[in-house]
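**Student:** Input file: coords-v7.txt. Contents: compact mmCIF, C-alpha atoms.
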# COMPACT_ATOMS: atom_id res chain seq x y z
CA MET J 1 -17.71 -26.61 55.33
CA ALA J 2 -19.84 -24.57 52.93
CA ALA J 3 -18.40 -21.46 51.38
CA PRO J 4 -19.68 -18.16 52.82
CA SER J 5 -22.77 -16.82 51.09
CA MET J 6 -22.92 -13.41 49.47
CA LYS J 7 -24.38 -11.99 52.70
CA GLU J 8 -21.65 -13.56 54.83
CA ARG J 9 -18.98 -12.32 52.46
CA GLN J 10 -20.30 -8.79 52.65
CA ALA J 11 -20.45 -8.93 56.45
CA CYS J 12 -16.85 -10.15 56.53
CA TRP J 13 -15.61 -7.48 54.12
CA GLY J 14 -17.45 -4.81 56.12
CA ALA J 15 -15.81 -5.92 59.39
CA ARG J 16 -12.42 -6.09 57.65
CA ASP J 17 -12.76 -2.57 56.24
CA ALA J 18 -13.78 -1.17 59.64
CA TYR J 19 -10.74 -2.83 61.27
CA TRP J 20 -8.38 -1.62 58.54
CA LYS J 21 -9.75 1.90 58.82
CA CYS J 22 -9.04 1.81 62.57
CA LEU J 23 -5.46 0.67 61.88
CA ASP J 24 -5.04 3.53 59.39
CA GLU J 25 -6.28 6.05 61.95
CA ASN J 26 -4.08 4.68 64.75
CA THR J 27 -0.86 4.31 62.76
CA GLU J 28 -1.10 0.53 62.70
CA ASP J 29 -1.42 0.26 66.51
CA ALA J 30 -3.56 -2.89 66.79
CA SER J 31 -4.07 -2.43 70.57
CA GLN J 32 -6.37 0.52 69.76
CA CYS J 33 -8.58 -1.67 67.53
CA LYS J 34 -9.13 -4.77 69.66
CA LYS J 35 -12.92 -4.57 69.48
CA LEU J 36 -12.95 -4.23 65.71
CA ARG J 37 -10.39 -7.01 65.43
CA SER J 38 -12.63 -9.43 67.32
CA SER J 39 -15.61 -8.40 65.18
CA PHE J 40 -13.48 -9.02 62.08
CA GLU J 41 -12.43 -12.44 63.41
CA SER J 42 -15.99 -13.46 64.20
CA SER J 43 -17.31 -12.35 60.80
CA CYS J 44 -14.81 -14.15 58.58
CA PRO J 45 -13.53 -17.72 58.18
CA GLN J 46 -10.16 -18.24 59.84
CA GLN J 47 -8.43 -18.79 56.49
CA TRP J 48 -9.71 -15.49 55.23
CA ILE J 49 -8.39 -13.64 58.30
CA LYS J 50 -4.90 -14.99 57.61
CA TYR J 51 -5.30 -14.12 53.98
CA PHE J 52 -6.54 -10.57 54.67
CA ASP J 53 -3.79 -9.92 57.24
CA LYS J 54 -1.17 -10.84 54.63
CA ARG J 55 -3.03 -8.87 52.03
CA ARG J 56 -2.95 -5.74 54.19
CA ASP J 57 0.81 -6.12 54.67
CA TYR J 58 1.19 -6.43 50.94
CA LEU J 59 -1.06 -3.45 50.18
CA LYS J 60 0.80 -1.30 52.73
CA PHE J 61 4.14 -2.25 51.21
CA LYS J 62 2.81 -1.54 47.74
CA GLU J 63 1.56 1.88 48.87
CA LYS J 64 4.97 2.74 50.35
CA PHE J 65 6.81 1.40 47.34
CA GLU J 66 4.70 3.36 44.89
CA ALA J 67 5.14 6.53 46.95
CA GLY J 68 8.92 6.03 46.72
CA GLU J 69 9.27 5.71 50.50
CA PHE J 70 10.55 2.18 50.44
CA GLN J 71 14.28 1.99 51.10
CA PRO J 72 15.99 -1.32 50.40
CA SER J 73 18.23 -2.49 53.25
CA ARG J 74 21.99 -2.06 52.90
CA THR J 75 22.63 -5.73 52.35
CA THR J 76 20.11 -5.81 49.55
CA GLU J 77 21.67 -2.74 48.03
CA LYS J 78 25.12 -4.34 47.91
CA SER J 79 24.05 -7.61 46.36
CA MET T 1 13.43 17.30 -37.73
CA LEU T 2 12.41 19.63 -40.50
CA ALA T 3 15.83 21.26 -40.71
CA ARG T 4 17.58 17.92 -40.89
CA ALA T 5 15.35 16.28 -43.47
CA PRO T 6 16.82 17.87 -46.65
CA LYS T 7 20.32 16.90 -45.59
CA ALA T 8 19.20 13.31 -45.24
CA TRP T 9 17.72 13.24 -48.67
CA HIS T 10 20.91 14.73 -50.07
CA GLY T 11 23.00 12.03 -48.41
CA LEU T 12 20.82 9.30 -49.85
CA PHE T 13 21.21 10.59 -53.38
CA LEU T 14 24.96 10.62 -52.97
CA LEU T 15 24.91 6.94 -52.18
CA ARG T 16 22.93 5.96 -55.26
CA PRO T 17 25.64 6.15 -57.95
CA LEU T 18 27.85 3.86 -55.87
CA ALA T 19 25.14 1.30 -55.50
CA LEU T 20 24.07 1.25 -59.12
CA PRO T 21 27.09 -0.46 -60.80
CA ARG T 22 26.76 -3.48 -58.54
CA ILE T 23 23.31 -4.24 -59.83
CA GLN T 24 24.13 -4.12 -63.50
CA GLY T 25 21.57 -5.47 -65.95
CA ALA T 26 18.83 -4.77 -63.59
CA GLU T 27 15.89 -2.76 -64.80
CA ALA T 28 15.78 0.86 -63.88
CA GLY T 29 12.37 0.43 -62.37
CA GLN T 30 13.67 -2.31 -60.13
CA VAL T 31 16.55 -0.17 -58.95
CA ARG T 32 14.23 2.64 -58.17
CA TYR T 33 12.06 0.27 -56.26
CA ARG T 34 15.01 -0.89 -54.22
CA LEU T 35 16.06 2.64 -53.58
CA LEU T 36 12.68 3.53 -52.36
CA ALA T 37 12.58 0.47 -50.18
CA ARG T 38 15.89 1.43 -48.64
CA GLN T 39 14.88 4.91 -47.83
CA GLY T 40 12.90 4.21 -44.72
CA PRO T 41 15.46 2.25 -42.71
CA ALA T 42 18.38 4.30 -43.99
CA GLU T 43 16.78 7.48 -42.81
CA THR T 44 15.98 6.32 -39.26
CA GLY T 45 19.12 4.24 -38.78
CA LYS T 46 21.60 7.02 -39.41
CA PRO T 47 23.54 8.21 -36.33
CA GLY T 48 22.42 11.57 -35.03
CA GLN T 49 19.00 11.13 -36.56
CA PRO T 50 15.89 11.42 -34.43
CA ARG T 51 15.08 7.84 -33.34
CA GLY T 52 11.48 8.55 -32.34
CA PRO T 53 9.44 5.59 -33.61
CA ARG T 54 11.93 2.89 -32.71
CA LEU T 55 12.61 4.14 -29.22
CA GLN T 56 8.91 4.42 -28.64
CA THR T 57 8.38 0.86 -29.89
CA ARG T 58 11.17 -0.41 -27.69
CA LEU T 59 9.81 1.41 -24.71
CA LEU T 60 6.35 0.10 -25.46
CA ILE T 61 7.59 -3.50 -25.69
CA THR T 62 9.63 -3.12 -22.52
CA ALA T 63 6.63 -1.64 -20.76
CA LEU T 64 4.40 -4.47 -21.99
CA ILE T 65 6.85 -7.15 -20.84
CA GLY T 66 7.25 -5.36 -17.55
CA ALA T 67 3.52 -5.08 -17.08
CA GLY T 68 3.14 -8.74 -17.98
CA LEU T 69 5.76 -9.80 -15.45
CA GLY T 70 4.34 -7.49 -12.83
CA GLY T 71 0.84 -8.78 -13.47
CA ALA T 72 2.02 -12.38 -13.23
CA TRP T 73 3.82 -11.62 -9.95
CA LEU T 74 0.73 -9.93 -8.52
CA ALA T 75 -1.45 -12.85 -9.60
CA LEU T 76 0.95 -15.35 -8.01
CA ARG T 77 1.12 -13.31 -4.86
CA ALA T 78 -2.67 -13.08 -4.65
CA GLU T 79 -2.90 -16.83 -5.19
CA LYS T 80 -0.32 -17.50 -2.48
CA GLU T 81 -2.13 -15.15 -0.10
CA GLN T 82 -5.41 -16.92 -0.84
CA TRP T 83 -3.75 -20.28 -0.21
CA ARG T 84 -2.34 -19.02 3.09
CA GLN T 85 -5.74 -17.69 4.08
CA GLN T 86 -7.30 -21.07 3.30
CA GLN T 87 -4.65 -22.86 5.37
CA ARG T 88 -5.28 -20.48 8.25
CA THR T 89 -9.04 -20.93 8.09
CA GLU T 90 -8.53 -24.69 8.01
CA ALA T 91 -6.26 -24.55 11.06
CA LEU T 92 -8.78 -22.32 12.87
CA ARG T 93 -11.59 -24.71 11.97
CA ARG T 94 -9.66 -27.61 13.47
CA ALA T 95 -8.84 -25.52 16.56
CA ALA T 96 -12.49 -24.46 16.89
CA VAL T 97 -13.42 -28.06 17.54
CA GLY T 98 -10.44 -29.28 19.56
CA GLN T 99 -8.95 -26.25 21.31
CA GLY T 100 -10.01 -25.79 24.93
CA ASP T 101 -12.61 -28.52 24.77
CA PHE T 102 -14.10 -29.73 28.05
CA SER T 103 -16.81 -31.93 29.42
CA LEU T 104 -17.99 -30.77 32.86
CA LEU T 105 -21.13 -30.73 35.00
CA ASP T 106 -23.05 -27.50 35.34
CA HIS T 107 -24.56 -26.42 38.67
CA ARG T 108 -27.79 -28.26 37.78
CA GLY T 109 -25.94 -31.52 37.24
CA GLN T 110 -26.17 -31.41 33.45
CA VAL T 111 -23.14 -32.38 31.29
CA ARG T 112 -21.76 -29.43 29.33
CA CYS T 113 -19.05 -29.43 26.72
CA LYS T 114 -17.59 -26.62 24.67
CA ALA T 115 -19.56 -27.55 21.56
CA ASP T 116 -22.81 -26.83 23.48
CA PHE T 117 -21.91 -23.14 23.41
CA ARG T 118 -21.26 -22.91 19.67
CA GLY T 119 -22.98 -19.89 18.21
CA GLN T 120 -22.69 -17.92 21.44
CA TRP T 121 -20.05 -15.58 22.75
CA VAL T 122 -18.68 -17.04 25.99
CA LEU T 123 -16.92 -15.33 28.90
CA ILE T 124 -15.13 -17.73 31.26
CA TYR T 125 -13.65 -17.13 34.68
CA PHE T 126 -11.73 -19.72 36.72
CA GLY T 127 -11.95 -19.54 40.52
CA PHE T 128 -13.32 -21.27 43.62
CA THR T 129 -16.29 -20.69 45.92
CA HIS T 130 -14.24 -20.30 49.14
CA CYS T 131 -12.32 -17.45 47.51
CA PRO T 132 -11.97 -14.48 49.91
CA ASP T 133 -12.16 -11.47 47.62
CA ILE T 134 -10.69 -11.71 44.14
CA CYS T 135 -13.07 -14.29 42.65
CA PRO T 136 -16.25 -12.51 43.80
CA ASP T 137 -14.85 -9.20 42.51
CA GLU T 138 -13.93 -10.69 39.15
CA LEU T 139 -17.24 -12.53 38.80
CA GLU T 140 -19.09 -9.35 39.67
CA LYS T 141 -17.11 -7.59 36.95
CA LEU T 142 -17.84 -10.40 34.49
CA VAL T 143 -21.59 -10.30 35.03
CA GLN T 144 -21.53 -6.52 34.85
CA VAL T 145 -20.04 -6.89 31.34
CA VAL T 146 -22.79 -9.38 30.46
CA ARG T 147 -25.47 -7.00 31.75
CA GLN T 148 -24.02 -4.06 29.83
CA LEU T 149 -23.95 -6.08 26.59
CA GLU T 150 -27.45 -7.48 27.23
CA ALA T 151 -28.76 -3.93 27.56
CA GLU T 152 -27.53 -2.99 24.08
CA PRO T 153 -30.08 -3.92 21.41
CA GLY T 154 -28.82 -5.86 18.40
CA LEU T 155 -25.88 -7.52 20.11
CA PRO T 156 -25.66 -11.31 20.26
CA PRO T 157 -26.09 -12.90 23.71
CA VAL T 158 -23.08 -13.67 25.89
CA GLN T 159 -22.92 -16.80 28.05
CA PRO T 160 -21.04 -16.33 31.34
CA LEU T 161 -19.24 -19.42 32.73
CA PHE T 162 -17.53 -19.98 36.06
CA ILE T 163 -15.20 -22.99 36.18
CA THR T 164 -13.95 -24.11 39.58
CA VAL T 165 -10.28 -24.86 40.30
CA ASP T 166 -11.28 -26.50 43.61
CA PRO T 167 -13.07 -29.71 42.54
CA GLU T 168 -12.55 -31.22 46.01
CA ARG T 169 -15.02 -28.84 47.68
CA ASP T 170 -16.93 -27.30 44.76
CA ASP T 171 -19.46 -29.97 43.89
CA VAL T 172 -22.65 -29.34 41.94
CA ALA T 173 -24.56 -28.19 45.06
CA ALA T 174 -21.79 -25.79 46.16
CA MET T 175 -21.65 -24.31 42.67
CA ALA T 176 -25.45 -23.90 42.60
CA ARG T 177 -25.37 -21.99 45.91
CA TYR T 178 -22.54 -19.81 44.70
CA VAL T 179 -23.60 -18.78 41.18
CA GLN T 180 -27.12 -17.68 42.16
CA ASP T 181 -25.62 -14.60 43.85
CA PHE T 182 -24.26 -13.25 40.57
CA HIS T 183 -26.38 -13.67 37.46
CA PRO T 184 -29.40 -15.84 36.53
CA ARG T 185 -27.62 -17.14 33.43
CA LEU T 186 -24.20 -17.69 35.01
CA LEU T 187 -23.32 -21.38 34.74
CA GLY T 188 -21.04 -22.91 37.34
CA LEU T 189 -18.99 -25.82 35.98
CA THR T 190 -17.28 -28.51 38.01
CA GLY T 191 -15.88 -32.00 37.46
CA SER T 192 -13.39 -34.56 38.66
CA ALA T 193 -9.87 -33.50 39.66
CA GLU T 194 -8.63 -34.84 36.28
CA GLN T 195 -11.29 -33.01 34.28
CA ILE T 196 -10.50 -29.73 36.06
CA ALA T 197 -6.76 -30.28 35.57
CA GLN T 198 -7.37 -30.87 31.88
CA VAL T 199 -9.54 -27.80 31.28
CA SER T 200 -7.15 -25.60 33.29
CA ARG T 201 -4.22 -26.84 31.25
CA SER T 202 -5.93 -26.07 27.97
CA TYR T 203 -6.66 -22.49 29.10
CA ARG T 204 -3.19 -22.13 30.68
CA VAL T 205 -4.72 -21.57 34.12
CA TYR T 206 -2.40 -22.23 37.04
CA TYR T 207 -3.89 -23.30 40.38
CA SER T 208 -2.48 -24.70 43.58
CA ALA T 209 -4.34 -25.48 46.81
CA GLY T 210 -2.68 -24.07 49.93
CA PRO T 211 -2.19 -25.90 53.27
CA LYS T 212 -5.32 -26.91 55.20
CA ASP T 213 -6.00 -25.44 58.64
CA GLU T 214 -7.74 -27.21 61.56
CA ASP T 215 -11.16 -26.53 59.95
CA GLN T 216 -9.88 -28.29 56.80
CA ASP T 217 -10.21 -24.90 55.14
CA TYR T 218 -7.69 -23.74 52.55
CA ILE T 219 -7.15 -21.10 49.91
CA VAL T 220 -6.49 -21.97 46.29
CA ASP T 221 -3.92 -19.79 44.60
CA HIS T 222 -4.74 -19.41 40.91
CA SER T 223 -4.23 -17.22 37.86
CA ILE T 224 -6.82 -14.52 37.36
CA ALA T 225 -8.14 -13.90 33.87
CA ILE T 226 -11.44 -13.66 32.05
CA TYR T 227 -11.43 -15.49 28.71
CA LEU T 228 -13.52 -14.62 25.66
CA LEU T 229 -14.53 -17.34 23.20
CA SER T 230 -16.09 -16.51 19.82
CA PRO T 231 -19.26 -18.22 18.55
CA ASP T 232 -16.93 -20.65 16.73
CA GLY T 233 -15.58 -21.69 20.14
CA LEU T 234 -12.19 -20.11 19.44
CA PHE T 235 -10.21 -18.35 22.13
CA THR T 236 -10.47 -14.70 21.12
CA ASP T 237 -9.18 -12.53 23.96
CA TYR T 238 -8.47 -12.48 27.69
CA TYR T 239 -8.74 -9.79 30.31
CA GLY T 240 -6.54 -9.47 33.37
CA ARG T 241 -7.47 -8.04 36.72
CA ALA T 242 -6.54 -4.49 35.80
CA ARG T 243 -9.19 -4.25 33.08
CA SER T 244 -12.41 -2.55 34.12
CA ALA T 245 -15.88 -3.83 33.22
CA GLN T 246 -16.27 -0.94 30.78
CA GLN T 247 -12.97 -1.75 29.04
CA ILE T 248 -13.95 -5.41 28.69
CA THR T 249 -17.41 -4.48 27.37
CA ASP T 250 -15.83 -2.22 24.74
CA SER T 251 -13.36 -4.91 23.73
CA VAL T 252 -16.04 -7.61 23.42
CA ARG T 253 -18.23 -5.28 21.37
CA GLY T 254 -15.26 -4.70 19.03
CA HIS T 255 -14.69 -8.43 18.63
CA MET T 256 -18.39 -8.90 17.89
CA ALA T 257 -18.26 -6.28 15.13
CA ALA T 258 -15.16 -7.81 13.55
CA PHE T 259 -16.31 -11.42 13.82
CA ARG T 260 -16.60 -13.65 10.75
CA SER T 261 -17.22 -17.35 11.31
CA VAL T 262 -14.69 -19.84 9.94
CA LEU T 263 -17.14 -22.72 10.33
CA HIS T 264 -19.48 -23.79 7.55
How does the structure come out when it is put into structure tokens?

**Tutor:**
Amino acid sequence: MAAPSMKERQACWGARDAYWKCLDENTEDASQCKKLRSSFESSCPQQWIKYFDKRRDYLKFKEKFEAGEFQPSRTTEKS
Amino acid sequence: MLARAPKAWHGLFLLRPLALPRIQGAEAGQVRYRLLARQGPAETGKPGQPRGPRLQTRLLITALIGAGLGGAWLALRAEKEQWRQQQRTEALRRAAVGQGDFSLLDHRGQVRCKADFRGQWVLIYFGFTHCPDICPDELEKLVQVVRQLEAEPGLPPVQPLFITVDPERDDVAAMARYVQDFHPRLLGLTGSAEQIAQVSRSYRVYYSAGPKDEDQDYIVDHSIAIYLLSPDGLFTDYYGRARSAQQITDSVRGHMAAFRSVLH
């Protein structure tokens, strides 16, 4: 399987950004962004979708952590 | 000095009569000669007398010896420093040939080794063509640096290189398709799994292919850094993900200005 071309990459990133923007606007409620999700899935290789989903989780956590909103769980606190 | 001088003379004359009987039979002229000869040392040697000339002489000798020792120490130190510099240059010369050497195929199928790039500044990025976002971003940044430096008159040319860490999928044709999107002079380098393992080791690049999905697709996890090699082929600097194109351009320009070749 050939790697996506520059054009395909840009199409994928565009679809990803549109989907992520929708999630931001709907407080992470994916049911509101089904159309954009399917566009994202059809624009990107499957591996990339998995990768970008994890990446969004990481970026969200990072955002929270940097804003000081992240609270470690009690068990973590004790150990 | 003036006030004390007469007293000194007086003292000397008092000594004379005592000295005379011991040299009986001696001619008067001889005695006088001896007396005169004694005057100098007797005058300066007396306690409480001004010791000007002798102290000055002593100080002068001490200063000369000190200066001599100091000079010798400085000379030895300079020699040692020169020797160390020579050793360092020699070590660098050896490293320039051996360090980070590779023999890979470029995206036109031509064999390329590190020595081919001697005389040019080289920027290297390690990645893979199926990379979702980081590699294209970093390569875009790398070629932006090359373009910025190209636009400045009087600067030596910079050769951008992209070395794959996914030799299984990134053959010559895949590399050719990939590099054309970035810069006309960007060279994509690939090789056997062993060759890629070897070049990655010598640049301390970590990479690990992830699990394959049903499409046989996978993501390669790898360290992200742009490496700068000097025209001698020596590793000169590296730039992590946080560095902007402008910061890298400024850094490379600084290295160019400070560069002095260690090769003959």

**Student:** For a test of reading the model, state the distance in Å between atom CA of J:Glu41 and atom CA of J:Gly14, rounded to one decimal.

**Tutor:**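 Distance reported for this atom pair: 11.7 Å.
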
**Student:** Restrict the distance test to only C-alpha atoms, flag each residue of chain J within 10 Å of chain T, and return the flagged residues as a ChimeraX atom specification.

**Tutor:** /J:1-7,9-10,12-13,44-49,51-52

**Student:** Measure the distance from atom CA of J:Trp20 to atom CA of J:Lys64 in Å and round it to one decimal.

**Tutor:**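 Computed distance, atom CA of J:Trp20 to atom CA of J:Lys64, equals 16.3 Å.
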
**Student:** My list of candidates is J:Tyr19, J:Asn26, J:Ser73, J:Ala67. Which is closest to J:Ser43 when distances are computed with all atoms listed in the file?

**Tutor:**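 Selected residue with least distance to J:Ser43: J:Tyr19.
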
**Student:** Name the residues within 9 Å of (-15.3, -8.9, 37.7), counting only C-alpha atoms in the file's coordinates, and put them as a PyMOL selection string.

**Tutor:** chain T and resi 125+134-145+226+241+243-245

**Student:** Expressed in Å to a single decimal, how great is the separation between atom CA of T:Ala176 and atom CA of T:Val252?

**Tutor:**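 Rounded to one decimal, the two atoms are 26.9 Å apart.
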
**Student:** List the spatial neighbours of T:Tyr227 as a list in words - criterion: any atom at most 7 Å away, all atoms listed in the file, same-chain residues fewer than 3 positions off excluded.

**Tutor:**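 The residues that qualify are Leu123, Ile124, Tyr125, Asp237, Tyr238 and Tyr239 of chain T.
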
**Student:** Choose the residue, out of T:Ser261, T:Thr249, T:Gln85, T:Ser223, that has the smallest atom-to-atom separation from T:Ser208; count all atoms listed in the file.

**Tutor:**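 The closest residue to T:Ser208 is T:Ser223.
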
**Student:** When you count all atoms listed in the file, which of these residues is closest to J:Ser39: J:Ala18, J:Phe61, J:Glu25, J:Phe70?

**Tutor:**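 Using all atoms listed in the file, the shortest distance to J:Ser39 belongs to J:Ala18.
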
**Student:** Tell me which of T:Val111, T:Ala258, T:Ile196, T:Leu229 sits closest to T:Gly127, counting only C-alpha atoms.

**Tutor:**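 That would be T:Ile196, the residue with the smallest distance to T:Gly127.
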
**Student:** Taking into account all atoms listed in the file, which residue in the set T:Arg185, T:Lys114, T:His222, T:Arg77 is nearest to T:Gly98?

**Tutor:** T:Lys114
